[in-house]
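Here's my_file.txt, which has compact mmCIF, N, CA and C atoms:
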```
# COMPACT_ATOMS: atom_id res chain seq x y z
N MET A 1 20.99 21.84 3.64
CA MET A 1 21.92 20.97 2.93
C MET A 1 21.33 19.57 2.82
N ILE A 2 21.75 18.89 1.76
CA ILE A 2 21.34 17.51 1.54
C ILE A 2 22.46 16.60 2.04
N PHE A 3 22.06 15.52 2.71
CA PHE A 3 23.03 14.55 3.24
C PHE A 3 22.62 13.15 2.82
N HIS A 4 23.61 12.32 2.55
CA HIS A 4 23.40 10.89 2.32
C HIS A 4 23.92 10.17 3.55
N ILE A 5 23.09 9.33 4.12
CA ILE A 5 23.47 8.58 5.33
C ILE A 5 23.47 7.10 5.01
N THR A 6 24.53 6.42 5.40
CA THR A 6 24.59 4.96 5.35
C THR A 6 24.75 4.48 6.78
N HIS A 7 23.82 3.65 7.22
CA HIS A 7 23.93 3.06 8.56
C HIS A 7 24.17 1.57 8.37
N HIS A 8 25.20 1.07 9.02
CA HIS A 8 25.55 -0.36 8.91
C HIS A 8 25.61 -1.00 10.28
N HIS A 9 25.02 -2.17 10.35
CA HIS A 9 25.18 -3.02 11.53
C HIS A 9 25.57 -4.40 11.01
N ASP A 10 25.93 -5.30 11.88
CA ASP A 10 26.29 -6.64 11.42
C ASP A 10 25.30 -7.67 11.95
N GLU A 11 25.56 -8.91 11.60
CA GLU A 11 24.63 -9.98 12.01
C GLU A 11 24.57 -10.14 13.52
N LYS A 12 25.58 -9.70 14.22
CA LYS A 12 25.59 -9.84 15.69
C LYS A 12 24.68 -8.82 16.37
N THR A 13 24.52 -7.66 15.75
CA THR A 13 23.67 -6.62 16.35
C THR A 13 22.33 -6.48 15.63
N CYS A 14 22.09 -7.29 14.61
CA CYS A 14 20.86 -7.19 13.82
C CYS A 14 19.64 -7.56 14.67
N PRO A 15 18.65 -6.67 14.72
CA PRO A 15 17.46 -6.96 15.52
C PRO A 15 16.33 -7.60 14.72
N ALA A 16 16.59 -8.03 13.50
CA ALA A 16 15.53 -8.49 12.60
C ALA A 16 14.60 -9.54 13.20
N HIS A 17 15.11 -10.37 14.06
CA HIS A 17 14.28 -11.44 14.64
C HIS A 17 13.73 -11.07 16.01
N GLU A 18 13.86 -9.79 16.37
CA GLU A 18 13.34 -9.30 17.64
C GLU A 18 12.46 -8.08 17.36
N PRO A 19 11.17 -8.29 17.07
CA PRO A 19 10.29 -7.19 16.68
C PRO A 19 10.27 -6.02 17.65
N GLU A 20 10.35 -6.30 18.95
CA GLU A 20 10.34 -5.21 19.93
C GLU A 20 11.59 -4.33 19.79
N LYS A 21 12.72 -4.99 19.53
CA LYS A 21 13.98 -4.25 19.38
C LYS A 21 13.96 -3.43 18.09
N VAL A 22 13.41 -4.00 17.02
CA VAL A 22 13.29 -3.26 15.76
C VAL A 22 12.45 -2.01 15.98
N ALA A 23 11.32 -2.17 16.66
CA ALA A 23 10.42 -1.03 16.92
C ALA A 23 11.11 0.05 17.75
N ALA A 24 11.93 -0.36 18.70
CA ALA A 24 12.58 0.59 19.61
C ALA A 24 13.82 1.25 19.01
N THR A 25 14.36 0.68 17.95
CA THR A 25 15.60 1.23 17.37
C THR A 25 15.31 1.78 15.97
N PHE A 26 15.42 0.95 14.96
CA PHE A 26 15.23 1.41 13.59
C PHE A 26 13.82 1.94 13.35
N GLY A 27 12.85 1.38 14.04
CA GLY A 27 11.47 1.86 13.91
C GLY A 27 11.26 3.27 14.40
N GLN A 28 12.19 3.77 15.18
CA GLN A 28 12.09 5.13 15.72
C GLN A 28 12.91 6.16 14.95
N VAL A 29 13.71 5.72 13.99
CA VAL A 29 14.60 6.65 13.31
C VAL A 29 13.84 7.71 12.52
N LEU A 30 12.89 7.32 11.68
CA LEU A 30 12.17 8.32 10.88
C LEU A 30 11.40 9.31 11.76
N PRO A 31 10.64 8.84 12.76
CA PRO A 31 9.98 9.81 13.65
C PRO A 31 10.98 10.69 14.39
N SER A 32 12.11 10.13 14.79
CA SER A 32 13.12 10.89 15.51
C SER A 32 13.74 11.98 14.62
N LEU A 33 14.03 11.64 13.38
CA LEU A 33 14.55 12.65 12.45
C LEU A 33 13.53 13.77 12.26
N ALA A 34 12.26 13.39 12.08
CA ALA A 34 11.20 14.39 11.91
C ALA A 34 11.10 15.30 13.13
N GLU A 35 11.20 14.72 14.32
CA GLU A 35 11.15 15.52 15.55
C GLU A 35 12.28 16.54 15.61
N GLN A 36 13.40 16.22 14.98
CA GLN A 36 14.55 17.13 14.97
C GLN A 36 14.47 18.15 13.84
N GLY A 37 13.38 18.08 13.06
CA GLY A 37 13.22 19.03 11.96
C GLY A 37 13.96 18.63 10.70
N VAL A 38 14.38 17.38 10.61
CA VAL A 38 15.10 16.88 9.45
C VAL A 38 14.08 16.35 8.44
N THR A 39 14.19 16.78 7.19
CA THR A 39 13.31 16.30 6.12
C THR A 39 13.94 15.05 5.51
N VAL A 40 13.19 13.96 5.48
CA VAL A 40 13.67 12.71 4.89
C VAL A 40 13.13 12.63 3.46
N HIS A 41 14.03 12.66 2.48
CA HIS A 41 13.62 12.57 1.08
C HIS A 41 13.48 11.12 0.63
N GLY A 42 14.15 10.22 1.30
CA GLY A 42 14.05 8.81 0.95
C GLY A 42 14.77 7.95 1.97
N ALA A 43 14.28 6.72 2.12
CA ALA A 43 14.90 5.77 3.05
C ALA A 43 14.79 4.38 2.43
N TRP A 44 15.91 3.67 2.39
CA TRP A 44 15.96 2.36 1.78
C TRP A 44 16.76 1.42 2.68
N VAL A 45 16.58 0.12 2.45
CA VAL A 45 17.29 -0.87 3.26
C VAL A 45 17.76 -2.02 2.36
N ASP A 46 18.91 -2.56 2.69
CA ASP A 46 19.46 -3.77 2.07
C ASP A 46 19.53 -4.81 3.18
N PRO A 47 18.45 -5.57 3.41
CA PRO A 47 18.42 -6.48 4.56
C PRO A 47 19.59 -7.46 4.64
N PRO A 48 19.94 -8.19 3.54
CA PRO A 48 21.05 -9.13 3.70
C PRO A 48 22.39 -8.45 3.92
N GLY A 49 22.52 -7.20 3.49
CA GLY A 49 23.77 -6.47 3.70
C GLY A 49 23.82 -5.73 5.02
N HIS A 50 22.67 -5.71 5.74
CA HIS A 50 22.56 -5.03 7.03
C HIS A 50 22.86 -3.53 6.90
N ASP A 51 22.39 -2.94 5.80
CA ASP A 51 22.62 -1.52 5.54
C ASP A 51 21.31 -0.77 5.35
N PHE A 52 21.27 0.45 5.87
CA PHE A 52 20.16 1.38 5.67
C PHE A 52 20.73 2.60 4.97
N PHE A 53 19.93 3.19 4.08
CA PHE A 53 20.35 4.37 3.32
C PHE A 53 19.27 5.43 3.44
N PHE A 54 19.68 6.65 3.72
CA PHE A 54 18.75 7.77 3.84
C PHE A 54 19.29 8.95 3.05
N VAL A 55 18.39 9.70 2.43
CA VAL A 55 18.72 11.00 1.87
C VAL A 55 17.87 11.99 2.65
N VAL A 56 18.54 12.91 3.32
CA VAL A 56 17.85 13.85 4.21
C VAL A 56 18.29 15.28 3.91
N GLU A 57 17.49 16.22 4.41
CA GLU A 57 17.82 17.63 4.27
C GLU A 57 17.72 18.30 5.63
N SER A 58 18.75 19.06 5.95
CA SER A 58 18.77 19.77 7.23
C SER A 58 19.81 20.87 7.19
N ASP A 59 19.57 21.93 7.93
CA ASP A 59 20.57 22.97 8.10
C ASP A 59 21.51 22.64 9.26
N SER A 60 21.20 21.54 9.96
CA SER A 60 21.95 21.22 11.18
C SER A 60 22.44 19.77 11.17
N TYR A 61 23.75 19.61 11.13
CA TYR A 61 24.35 18.28 11.25
C TYR A 61 23.96 17.67 12.60
N GLU A 62 23.94 18.50 13.63
CA GLU A 62 23.61 18.03 14.97
C GLU A 62 22.20 17.45 15.03
N ALA A 63 21.26 18.05 14.29
CA ALA A 63 19.89 17.54 14.27
C ALA A 63 19.85 16.14 13.65
N ILE A 64 20.67 15.91 12.64
CA ILE A 64 20.74 14.59 12.02
C ILE A 64 21.30 13.57 13.01
N VAL A 65 22.37 13.93 13.68
CA VAL A 65 22.98 13.04 14.67
C VAL A 65 21.95 12.69 15.75
N GLU A 66 21.26 13.70 16.26
CA GLU A 66 20.24 13.45 17.29
C GLU A 66 19.11 12.58 16.75
N GLY A 67 18.72 12.82 15.50
CA GLY A 67 17.65 12.03 14.90
C GLY A 67 18.01 10.57 14.71
N LEU A 68 19.28 10.30 14.53
CA LEU A 68 19.74 8.91 14.35
C LEU A 68 19.96 8.19 15.68
N PHE A 69 19.84 8.91 16.76
CA PHE A 69 20.17 8.36 18.08
C PHE A 69 19.52 7.01 18.39
N PRO A 70 18.25 6.75 18.01
CA PRO A 70 17.68 5.44 18.33
C PRO A 70 18.44 4.26 17.72
N ALA A 71 19.14 4.48 16.61
CA ALA A 71 19.87 3.39 15.95
C ALA A 71 21.33 3.32 16.34
N VAL A 72 21.81 4.27 17.13
CA VAL A 72 23.23 4.30 17.50
C VAL A 72 23.71 2.99 18.12
N PRO A 73 22.96 2.36 19.03
CA PRO A 73 23.46 1.13 19.64
C PRO A 73 23.59 -0.05 18.66
N MET A 74 22.96 0.07 17.50
CA MET A 74 22.92 -1.06 16.57
C MET A 74 24.12 -1.12 15.63
N GLY A 75 24.79 0.00 15.40
CA GLY A 75 25.90 -0.01 14.45
C GLY A 75 26.46 1.39 14.25
N THR A 76 27.00 1.63 13.06
CA THR A 76 27.63 2.91 12.79
C THR A 76 26.95 3.60 11.61
N ALA A 77 27.05 4.93 11.59
CA ALA A 77 26.47 5.70 10.50
C ALA A 77 27.53 6.60 9.88
N ARG A 78 27.46 6.73 8.59
CA ARG A 78 28.31 7.67 7.86
C ARG A 78 27.38 8.73 7.27
N ILE A 79 27.62 9.97 7.61
CA ILE A 79 26.78 11.09 7.18
C ILE A 79 27.62 11.96 6.25
N GLN A 80 27.19 12.06 4.99
CA GLN A 80 27.96 12.81 4.00
C GLN A 80 27.12 13.91 3.39
N PRO A 81 27.63 15.15 3.37
CA PRO A 81 26.92 16.19 2.63
C PRO A 81 27.09 15.92 1.13
N VAL A 82 26.02 16.12 0.38
CA VAL A 82 26.07 15.92 -1.07
C VAL A 82 25.39 17.10 -1.75
N GLU A 83 25.65 17.24 -3.04
CA GLU A 83 25.01 18.31 -3.79
C GLU A 83 24.46 17.75 -5.10
N ASP A 84 23.61 18.52 -5.73
CA ASP A 84 22.99 18.12 -6.98
C ASP A 84 24.05 17.97 -8.07
N PHE A 85 24.06 16.83 -8.70
CA PHE A 85 25.07 16.51 -9.71
C PHE A 85 24.97 17.44 -10.92
N LYS A 86 23.76 17.64 -11.44
CA LYS A 86 23.59 18.49 -12.62
C LYS A 86 24.03 19.93 -12.33
N ALA A 87 23.66 20.43 -11.17
CA ALA A 87 24.06 21.80 -10.79
C ALA A 87 25.58 21.91 -10.71
N ARG A 88 26.24 20.90 -10.16
CA ARG A 88 27.70 20.91 -10.06
C ARG A 88 28.33 20.90 -11.45
N MET A 89 27.79 20.07 -12.35
CA MET A 89 28.33 19.99 -13.71
C MET A 89 28.16 21.32 -14.44
N GLN A 90 27.04 22.01 -14.21
CA GLN A 90 26.84 23.33 -14.83
C GLN A 90 27.87 24.33 -14.31
N LYS A 91 28.14 24.30 -13.01
CA LYS A 91 29.13 25.20 -12.43
C LYS A 91 30.52 24.93 -13.00
N VAL A 92 30.85 23.66 -13.16
CA VAL A 92 32.15 23.29 -13.71
C VAL A 92 32.25 23.76 -15.16
N ALA A 93 31.18 23.59 -15.92
CA ALA A 93 31.19 24.00 -17.33
C ALA A 93 31.33 25.51 -17.49
N GLN A 94 30.86 26.26 -16.51
CA GLN A 94 30.92 27.72 -16.58
C GLN A 94 32.25 28.29 -16.11
N SER A 95 33.06 27.47 -15.48
CA SER A 95 34.32 28.00 -14.95
C SER A 95 35.48 27.83 -15.90
```
Translate the structure of the given file into structure tokens.
Amino acid sequence: MIFHITHHHDEKTCPAHEPEKVAATFGQVLPSLAEQGVTVHGAWVDPPGHDFFFVVESDSYEAIVEGLFPAVPMGTARIQPVEDFKARMQKVAQS
């Protein structure tokens, strides 16, 4: 399944000015997801908004949660299953 993840932290928990903290938290998210067998299709960041966005693929919600673990202390994540828009529109048109 494909999932869209939004991770948000605020200015109080932002590690941007602490390189060691960045490396230990957000810097570990992509390797951690890979270790859990999660395929990352894309990862983006909105620095002034304190938001990270990921599109990932996994058969296991639990693997995604475990993969995000390094960033858990920094804020909250919303994990949403999503599907291909064109494929959905074709299914709707056929029904």
Enumerate the residues of chain A with a DSSP assignment of alpha helix (DSSP H), computed from the backbone, and present them as a PDB file with N, CA and C atoms, in the coordinates of the input.
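Listing of states-v6.pdb after writing:
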```pdb
ATOM      1  N   PRO A  19      11.170  -8.290  17.070  1.00  0.00           N
ATOM      2  CA  PRO A  19      10.290  -7.190  16.680  1.00  0.00           C
ATOM      3  C   PRO A  19      10.270  -6.020  17.650  1.00  0.00           C
ATOM      4  N   GLU A  20      10.350  -6.300  18.950  1.00  0.00           N
ATOM      5  CA  GLU A  20      10.340  -5.210  19.930  1.00  0.00           C
ATOM      6  C   GLU A  20      11.590  -4.330  19.790  1.00  0.00           C
ATOM      7  N   LYS A  21      12.720  -4.990  19.530  1.00  0.00           N
ATOM      8  CA  LYS A  21      13.980  -4.250  19.380  1.00  0.00           C
ATOM      9  C   LYS A  21      13.960  -3.430  18.090  1.00  0.00           C
ATOM     10  N   VAL A  22      13.410  -4.000  17.020  1.00  0.00           N
ATOM     11  CA  VAL A  22      13.290  -3.260  15.760  1.00  0.00           C
ATOM     12  C   VAL A  22      12.450  -2.010  15.980  1.00  0.00           C
ATOM     13  N   ALA A  23      11.320  -2.170  16.660  1.00  0.00           N
ATOM     14  CA  ALA A  23      10.420  -1.030  16.920  1.00  0.00           C
ATOM     15  C   ALA A  23      11.110   0.050  17.750  1.00  0.00           C
ATOM     16  N   ALA A  24      11.930  -0.360  18.700  1.00  0.00           N
ATOM     17  CA  ALA A  24      12.580   0.590  19.610  1.00  0.00           C
ATOM     18  C   ALA A  24      13.820   1.250  19.010  1.00  0.00           C
ATOM     19  N   VAL A  29      13.710   5.720  13.990  1.00  0.00           N
ATOM     20  CA  VAL A  29      14.600   6.650  13.310  1.00  0.00           C
ATOM     21  C   VAL A  29      13.840   7.710  12.520  1.00  0.00           C
ATOM     22  N   LEU A  30      12.890   7.320  11.680  1.00  0.00           N
ATOM     23  CA  LEU A  30      12.170   8.320  10.880  1.00  0.00           C
ATOM     24  C   LEU A  30      11.400   9.310  11.760  1.00  0.00           C
ATOM     25  N   PRO A  31      10.640   8.840  12.760  1.00  0.00           N
ATOM     26  CA  PRO A  31       9.980   9.810  13.650  1.00  0.00           C
ATOM     27  C   PRO A  31      10.980  10.690  14.390  1.00  0.00           C
ATOM     28  N   SER A  32      12.110  10.130  14.790  1.00  0.00           N
ATOM     29  CA  SER A  32      13.120  10.890  15.510  1.00  0.00           C
ATOM     30  C   SER A  32      13.740  11.980  14.620  1.00  0.00           C
ATOM     31  N   LEU A  33      14.030  11.640  13.380  1.00  0.00           N
ATOM     32  CA  LEU A  33      14.550  12.650  12.450  1.00  0.00           C
ATOM     33  C   LEU A  33      13.530  13.770  12.260  1.00  0.00           C
ATOM     34  N   ALA A  34      12.260  13.390  12.080  1.00  0.00           N
ATOM     35  CA  ALA A  34      11.200  14.390  11.910  1.00  0.00           C
ATOM     36  C   ALA A  34      11.100  15.300  13.130  1.00  0.00           C
ATOM     37  N   GLU A  35      11.200  14.720  14.320  1.00  0.00           N
ATOM     38  CA  GLU A  35      11.150  15.520  15.550  1.00  0.00           C
ATOM     39  C   GLU A  35      12.280  16.540  15.610  1.00  0.00           C
ATOM     40  N   TYR A  61      23.750  19.610  11.130  1.00  0.00           N
ATOM     41  CA  TYR A  61      24.350  18.280  11.250  1.00  0.00           C
ATOM     42  C   TYR A  61      23.960  17.670  12.600  1.00  0.00           C
ATOM     43  N   GLU A  62      23.940  18.500  13.630  1.00  0.00           N
ATOM     44  CA  GLU A  62      23.610  18.030  14.970  1.00  0.00           C
ATOM     45  C   GLU A  62      22.200  17.450  15.030  1.00  0.00           C
ATOM     46  N   ALA A  63      21.260  18.050  14.290  1.00  0.00           N
ATOM     47  CA  ALA A  63      19.890  17.540  14.270  1.00  0.00           C
ATOM     48  C   ALA A  63      19.850  16.140  13.650  1.00  0.00           C
ATOM     49  N   ILE A  64      20.670  15.910  12.640  1.00  0.00           N
ATOM     50  CA  ILE A  64      20.740  14.590  12.020  1.00  0.00           C
ATOM     51  C   ILE A  64      21.300  13.570  13.010  1.00  0.00           C
ATOM     52  N   VAL A  65      22.370  13.930  13.680  1.00  0.00           N
ATOM     53  CA  VAL A  65      22.980  13.040  14.670  1.00  0.00           C
ATOM     54  C   VAL A  65      21.950  12.690  15.750  1.00  0.00           C
ATOM     55  N   GLU A  66      21.260  13.700  16.260  1.00  0.00           N
ATOM     56  CA  GLU A  66      20.240  13.450  17.290  1.00  0.00           C
ATOM     57  C   GLU A  66      19.110  12.580  16.750  1.00  0.00           C
ATOM     58  N   GLY A  67      18.720  12.820  15.500  1.00  0.00           N
ATOM     59  CA  GLY A  67      17.650  12.030  14.900  1.00  0.00           C
ATOM     60  C   GLY A  67      18.010  10.570  14.710  1.00  0.00           C
ATOM     61  N   PHE A  85      24.060  16.830  -8.700  1.00  0.00           N
ATOM     62  CA  PHE A  85      25.070  16.510  -9.710  1.00  0.00           C
ATOM     63  C   PHE A  85      24.970  17.440 -10.920  1.00  0.00           C
ATOM     64  N   LYS A  86      23.760  17.640 -11.440  1.00  0.00           N
ATOM     65  CA  LYS A  86      23.590  18.490 -12.620  1.00  0.00           C
ATOM     66  C   LYS A  86      24.030  19.930 -12.330  1.00  0.00           C
ATOM     67  N   ALA A  87      23.660  20.430 -11.170  1.00  0.00           N
ATOM     68  CA  ALA A  87      24.060  21.800 -10.790  1.00  0.00           C
ATOM     69  C   ALA A  87      25.580  21.910 -10.710  1.00  0.00           C
ATOM     70  N   ARG A  88      26.240  20.900 -10.160  1.00  0.00           N
ATOM     71  CA  ARG A  88      27.700  20.910 -10.060  1.00  0.00           C
ATOM     72  C   ARG A  88      28.330  20.900 -11.450  1.00  0.00           C
ATOM     73  N   MET A  89      27.790  20.070 -12.350  1.00  0.00           N
ATOM     74  CA  MET A  89      28.330  19.990 -13.710  1.00  0.00           C
ATOM     75  C   MET A  89      28.160  21.320 -14.440  1.00  0.00           C
ATOM     76  N   GLN A  90      27.040  22.010 -14.210  1.00  0.00           N
ATOM     77  CA  GLN A  90      26.840  23.330 -14.830  1.00  0.00           C
ATOM     78  C   GLN A  90      27.870  24.330 -14.310  1.00  0.00           C
ATOM     79  N   LYS A  91      28.140  24.300 -13.010  1.00  0.00           N
ATOM     80  CA  LYS A  91      29.130  25.200 -12.430  1.00  0.00           C
ATOM     81  C   LYS A  91      30.520  24.930 -13.000  1.00  0.00           C
ATOM     82  N   VAL A  92      30.850  23.660 -13.160  1.00  0.00           N
ATOM     83  CA  VAL A  92      32.150  23.290 -13.710  1.00  0.00           C
ATOM     84  C   VAL A  92      32.250  23.760 -15.160  1.00  0.00           C
ATOM     85  N   ALA A  93      31.180  23.590 -15.920  1.00  0.00           N
ATOM     86  CA  ALA A  93      31.190  24.000 -17.330  1.00  0.00           C
ATOM     87  C   ALA A  93      31.330  25.510 -17.490  1.00  0.00           C
ATOM     88  N   GLN A  94      30.860  26.260 -16.510  1.00  0.00           N
ATOM     89  CA  GLN A  94      30.920  27.720 -16.580  1.00  0.00           C
ATOM     90  C   GLN A  94      32.250  28.290 -16.110  1.00  0.00           C
TER      91      GLN A  94
END
```
| Spatial neighbours of range 69-80 of chain A, 7 Å, all atoms listed in the file, chain gap at least 6 places, as a VMD selection string | chain A and resid 2 to 10 13 to 14 24 to 26 28 to 29
| field | Per-residue DSSP, chain A, filtered to strand (DSSP E or B), as an NGL selection string | value | :A and (2-8 or 39-46 or 51-57 or 76-82)
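Between CA of Glu83 in chain A and atom N of Asp51 in chain A the interatomic distance comes to 23.5 Å.
With CA of Asp46 in chain A on one side and atom N of Glu11 in chain A on the other, the separation reads 12.4 Å.
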| message | Between CA of Tyr61 in chain A and atom N of Thr39 in chain A, what is the distance in Å, rounded to a tenth? | response |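 CA of Tyr61 in chain A sits 11.0 Å away from atom N of Thr39 in chain A.
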| request: Dig up all the protein and nucleic acid residues within 8 Å of (13.3, 10.7, 4.5) in the file frame, using only C-alpha atoms, and format them as a list of chain:residue names. | output: A:Leu30, A:Thr39, A:Val40, A:His41, A:Gly42, A:Ala43, A:Phe54, A:Val55, A:Val56
| field | All residues 6 Å or closer to Ala63 in chain A, all atoms listed in the file, same chain fewer than 4 positions away omitted, as a count of residues only | value | 3
Output, as lines of an AutoDock Vina configuration file, the centre and edge lengths in Å (one decimal) of the axis-aligned box that contains all listed atoms of range 2-16 of chain A with 5 Å of margin on each side.
```
center_x = 20.4
center_y = 4.4
center_z = 9.0
size_x = 21.7
size_y = 39.0
size_z = 24.8
```
